[in-house]
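To keep things clear, I will list the structure first and then write my remarks on it.
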Amino acid sequence: MSDTTNIQTGLSTTEAQRRLLSDGVNELPTARPRSLLGIAWAIVREPMFILLIACGSIYLVLGSRQDAVILLGSVVIIMSMSFVQERKSERALEALRDLSSPHALVLRDGEQKRIPGREVVRGDIIFLTEGDRVPADLFLLDSLGLTIDESLLSGESIPVRKVPGSEAMPRFAAPGGDDHPYLYSGTLVVQGKGKARVEATGAKTVLGGIGKALFTLEAEPSHLQNETGHAVRVISVSSIVLVLVLTIWYGVTRGDWLNGILAGLTMAMSLLPAELPLILTIFLGLGAWRIARKQVLTRRIAAIEMLGAATVLCVDKTGTLTQNRMALAQIVVEDQTYVFGDSSVKTPADFLEIFHETLEFSMLSSQRDPFDPMEKAIQEAGRTALAGTEHIHDLWTLVEEYPLSPQLLAMSRVWHSPDRVDYVIAAKGAPEAMIDLCHLSDDETQRINAQVDQVAGQGLRVLAVAKASFQQHALPDIQHDFEFKFLGLIALADPLRPSVSAAISQCHTAGIRVVMMTGDYPATAMSIARQCGIANGSAVMTGADLDTLDDVELQKRLAQVNVFCRLQPQQKLRLVTALKANGEVVAMTGDGVNDAPALKAAHIGIAMGGRGTDVARESAALVLLDDDFNAIVAAVALGRRIVDNIRKAVVFVVAAHIPIAGMSMLPVMMGWPLILLPVHIVFFELMIDPTCSIVFEAEPEEADVMNRPPRRTDQKIFNAELLMLGLKQGVILLVVLLAVYLSAQWAGLTVAQARALTFSGMIVGDIWLIFINRSRSLPLLQSARLHNPALWSVVGFALLMLGLALYVPYMSALFRFDAPPLGYLCVTIAAVSGLLVFCHQFIRAKAVQDSA
């Protein structure tokens with residue numbers, strides 16, 4: 001407990017200043033801001049940017065300024081975007097600091113003073129009232145009906161009661177639960193008044209502990225980033241070795257070192273797949289734009305790729321599955337029940353005759369303009385259901401209030417009507433308290449308790465309602481002196497979001513397991529889990545159960561339980577860490593401060609943007625702007641589509657580069673005239689770059705995108721199967737082009753004509769490679785009919801440029817071409833097309849046979 005403080009006068013100004021200097025200001029510590037150079041260096045070290053810069057620099061040395069400007073310019077743009085995202089990610093602790101430092105009404109030198117929250121010190125006496133944000137961790141000394149919304153820390157959707165404590169009580173308990181004297185920084189007073197003493201400030205608060213967890217967590221690189229790093233190393237070493245070998249071979253065998261250097265540089269251009277970083281950059285950048293159209297903001301672009309591999313979706317209950325607002329769910333009078341919003345329930349013909357009085361006195365026992373979410377729900381339901389009747393008493397005058405107390409969990413409000421002589425008293429509270437107030441018989445008590453158990457078993461918060469009248473002038477001191485009549489029960493709930501059940505069903509179809517992690521009670525958690533389809537039998541684990549398991553036992557139990565409740569922030573973080581240790585790719589959704597560490601630790605953190613706190617939003621990789629849970633499913637589908645299309649583009653790039661590299665290297669090795677020159681390579685790159693980065697990105701998703709399990713965590717995007725498919729396609733095209741070149745030489749065509757014919761075959765072959773790789777699930781003719789305007793633009797541009805290079809003198813001279821005979825050109829086009837299509841059909845049929 002804190003040092004002794006005079007409760008009547010509070011701290012002196014001198015003592016408060018001493019403690020402020022000693023303990024520091026009441027703010028959460030933030031990491032030292034990184035310099036601009038530090039952030040830029042962290043971004044430049046990313047493999048994607050290393051490859052972009054390397055390719056751009058080489059093109060610049062080769063004199064290909066256009067390609068160099070495109071590549072290096074894209075580096076500047078992408079680095080700028082990444083810089084902005086990095087700066088945004090550092091705002092999580094700042095959001096926590098702002099949340100923990102509101103203004104506070106304190107007792108200093110015997111006077112009440114309102115000071116900035118950052119100046120609150122240990123031992124200060126704080127006065128709280130409805131609507132105040134708790135400025136630090138406090139110990140309650142005195143209160144009048146004080147209830148606190150702790151949902152941002154505990155996950156409980158219902159405010160909790162607070163009662164004064166004694167000095168002998170132990171240290172702070174965890175957030176959540178009724179009748180504790182502990183108040184936590186950042187929580188909200190929704191009802192009543194209180195006087196409390198500051199026990200902890202800044203980093204020593206519960207909120208500060210979450211800030212420390214956020215500070216120590218580091219985002220993990222995605223699979224794509226790791227694979228890109230590996231690709232950088234392999235491509236760099238392989239390119240250097242082959243270029244040196246080819247240059248030396250040419251120089252030694254022919255004695256022409258200048259042309260040897262030219263051949264080596266041409267080989268370097270053919271080997272360097274500048275499309276690879278462009279594929280990754282453009283696909284993920286456009287993916288972020290496409291996801292934004294689904295109302296999902298991407299804060300960390302690497303998370304988009306991870307979406308396609310997500311195997312587990314961890315969801316918070318309050319504010320994620322539910323709407324984080326209380327609503328009146330049921331009214332129970334005698335043996336009849338009215339269910340709000342359920343058209344399938346048969347209700348009495350006359351609602352006003354049976355249920356109106358219970359609802360009417362529920363409203364009278366609540367504040368007219370309440371801050372408490374339960375009273376707000378009662379007033380909203382009453383003004384809707386009783387609209388246009390005489391049962392809404394806006395002209396009545398409030399005379400007296402009897403608040404909740406630890407001895408009697410009921411509250412009463414005394415009203416005076418302009419047209420009545422006696423007072424009208426409305427009361428609501430815990431059913432057992434109302435049974436006591438109404439002095440019910442044992443039979444009535446048993447019947448009501450059975451109704452309460454039935455309703456509470458559905459995860460609803462149950463209150464009882466009663467009424468009384470009083471004619472004496474002097475009101476009694478306690479509620480027990482009124483003659484109450486029991487009216488009925490009202491049940492409140494945090495409603496399920498309408499789209500959640502369908503979204504979770506789609507997740508299951510896609511092979512994604514959904515796990516609930518909440519700070520709420522087991523009955524409430526299981527009720528919501530059953531409604532939305534998460535519950536796996538009756539298995540549920542509490543935070544207390546979790547603490548009894550070591551990490552190995554926990555990893556074993558994770559496969560059996562889908563519902564975890566009464567969790568603290570560090571326990572949510574432990575669950576996410578355990579799932580990752582089991583080899584799962586974890587997506588985590590949430591909206592509260594208590595979700596922030598788990599959101600940051602997950603592979604993909606998804607925050608609710610509408611109702612979510614700043615802390616949750618800044619800790620997440622994705623933000624749902626309209627809090628629509630369906631957007632998660634749409635984002636997963638788009639993530640899978642992006643990965644599918646990246647794989648198609650990679651196959652195309654590998655297949656397209658093999659004939660380029662082969663036709664650059666073989667003439668040198670065989671002593672032939674050079675077939676491909678740097679200008680030809682640049683032309684191919686101008687066609688290949690937009691093809692792989694724009695055309696394949698725009699391809700629609702495969703039909704089974706959400707009807708197949710996630711890709712295995714050990715499955716690489718650039719795996720051997722993928723590379724082998726590209727290798728087969730590229731070798732086939734290379735063999736065909738060699739046949740075209742040798743046939744042209746055998747037919748007596750000049751070197752310039754043979755070069756033009758071979759170049760034409762390569763362009764036509766690349767076009768067919770586009771069509772061949774458009775779809776993995778559809779036959780070639782069906783995939784050709786898929787809508788993709790970008791495809792036809794690229795094909796049209798390639799054919800137009802080919803025609804200009806063959807038949808426009810200036811272009812022909814630039815390409816070192818002589819126009820080949822038209823018949824030879826037609827035969828070449830037909831041969832390349834026919835052989836590629838035939839080989840594709842053969843490879844596809846064999847793959848289907850092998851899979852069967």
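Ligands are numbered from 1 in the order shown, residues from 1 within each chain, and chains are lettered A, B, ... in the order they appear in the structure tokens.
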Pull the closest atom pair for each residue of stretch 467-532 of chain A that gets at most 8 Å from stretch 424-439 of chain A, along with the distance in Å to one decimal, counting only C-alpha atoms, ordering rows by chain and then ascending residue number, as JSON lines.
```
{"residue": "A:Lys467", "atom": "CA", "partner": "A:Ala426", "partner_atom": "CA", "distance": 4.8}
{"residue": "A:Ala468", "atom": "CA", "partner": "A:Ile425", "partner_atom": "CA", "distance": 4.9}
{"residue": "A:Ser469", "atom": "CA", "partner": "A:Val424", "partner_atom": "CA", "distance": 4.7}
{"residue": "A:Phe470", "atom": "CA", "partner": "A:Val424", "partner_atom": "CA", "distance": 6.6}
{"residue": "A:Gln479", "atom": "CA", "partner": "A:Leu437", "partner_atom": "CA", "distance": 7.6}
{"residue": "A:His480", "atom": "CA", "partner": "A:Leu437", "partner_atom": "CA", "distance": 5.8}
{"residue": "A:Glu483", "atom": "CA", "partner": "A:Cys438", "partner_atom": "CA", "distance": 7.0}
{"residue": "A:Phe484", "atom": "CA", "partner": "A:Cys438", "partner_atom": "CA", "distance": 4.9}
{"residue": "A:Lys485", "atom": "CA", "partner": "A:Cys438", "partner_atom": "CA", "distance": 5.8}
{"residue": "A:Phe486", "atom": "CA", "partner": "A:Cys438", "partner_atom": "CA", "distance": 6.1}
{"residue": "A:Leu489", "atom": "CA", "partner": "A:Pro431", "partner_atom": "CA", "distance": 7.9}
```
For those residues, write C-alpha atoms to a file as a CSV table (one decimal), in the first residue's frame.
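Printed below is part32.csv as written:
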```
chain,number,residue,atom,x,y,z
A,467,LYS,CA,-42.6,-1.4,-7.5
A,468,ALA,CA,-44.0,0.2,-4.5
A,469,SER,CA,-46.1,3.3,-3.4
A,470,PHE,CA,-45.7,5.5,-0.4
A,479,GLN,CA,-35.3,0.6,0.9
A,480,HIS,CA,-36.6,-2.3,3.2
A,483,GLU,CA,-43.8,-2.5,0.6
A,484,PHE,CA,-42.5,-3.8,-2.8
A,485,LYS,CA,-44.4,-5.9,-5.3
A,486,PHE,CA,-42.3,-8.2,-7.5
A,489,LEU,CA,-37.1,-10.2,-14.6
```
Can you tell me, as a list in words, what residues are no more than 6 Å from A:Gly590 when counting only C-alpha atoms, ignoring any on the same chain fewer than 5 positions away?
-> Asp316, Thr320, Asp595 and Ala607 of chain A
Preceding selection exported with C-alpha atoms as a short mmCIF file (atom, residue, chain, number, x, y, z; two decimals), in the first residue's frame:
```
data_model
loop_
_atom_site.label_atom_id
_atom_site.label_comp_id
_atom_site.auth_asym_id
_atom_site.auth_seq_id
_atom_site.Cartn_x
_atom_site.Cartn_y
_atom_site.Cartn_z
CA ASP A 316 -11.91 -11.48 -28.61
CA THR A 320 -15.29 -8.32 -31.90
CA ASP A 595 -5.82 -7.29 -26.70
CA ALA A 607 -8.10 -4.53 -34.87
#
```
Name the residues in contact with stretch 667-676 of chain A at a cut-off of 6 Å, using only C-alpha atoms, excluding same-chain residues fewer than 3 positions from it; report them as a PyMOL selection string.
-> chain A and resi 664+680+755
Return the single residue from A:Pro164, A:Ala581, A:Pro476, A:Gln379 that is closest to A:Glu401, with distances computed using only C-alpha atoms.
->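 Checking each of A:Pro164, A:Ala581, A:Pro476, A:Gln379 against A:Glu401, counting only C-alpha atoms, the winner is A:Pro476.
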Distance criterion (only C-alpha atoms): nearest to A:Ile660 out of A:Gly388, A:Gly765, A:Pro690, A:Pro597 |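 So, comparing all the options, the nearest one is A:Gly765.
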Tell me which protein, DNA and RNA residues are within 6 Å of stretch 565-569 of chain A, counting only C-alpha atoms, leaving out same-chain ones fewer than 2 positions away, and put them as a PyMOL selection string.
-> chain A and resi 517-522+542-543+571-572+594
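Computed from the coordinates, the atom CA of A:Gly186 to atom CA of A:Leu463 distance equals 27.8 Å.
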A:Gly110: which residues within 10 Å, counting only C-alpha atoms, same-chain residues fewer than 3 positions away excluded, as a PyMOL selection string?
-> chain A and resi 6-12+106-107+113
Grab the atom CA of A:Trp792 to atom CA of A:Ser812 distance for me, in Å with one decimal place.
->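 Taking atom CA of A:Trp792 as the start and atom CA of A:Ser812 as the end point, the length is 24.8 Å.
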Selection near stretch 814-828 of chain A, 7 Å with only C-alpha atoms, sequence-local residues under 4 positions removed, as a ChimeraX atom specification | /A:679-680,740,752-753,755-757,761,805-807,810,832
Atom pair atom CA of A:Gln451 / atom CA of A:Thr337: separation (Å) |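 Result for atom CA of A:Gln451 versus atom CA of A:Thr337: 10.0 Å, one decimal.
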Extract, using only C-alpha atoms, all DNA, RNA and protein residues at most 12 Å from A:Ile378, discarding same-chain residues fewer than 4 positions from it, and format them as number ranges by chain.
-> A: 325-331, 340, 358-374, 382-386, 428, 463, 465, 490-493
Which of stretch 470-669 of chain A counts as strand (DSSP E) under DSSP, as a PyMOL selection string please?
-> chain A and resi 470+485-493+513-517+541-542+563-565+586-590+604-608+622-624
Which is closer to A:Gly834 than all the others in A:Ala466, A:Val808, A:Val736, A:Ala790, using only C-alpha atoms?
->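 Closest residue, counting only C-alpha atoms: A:Val736.
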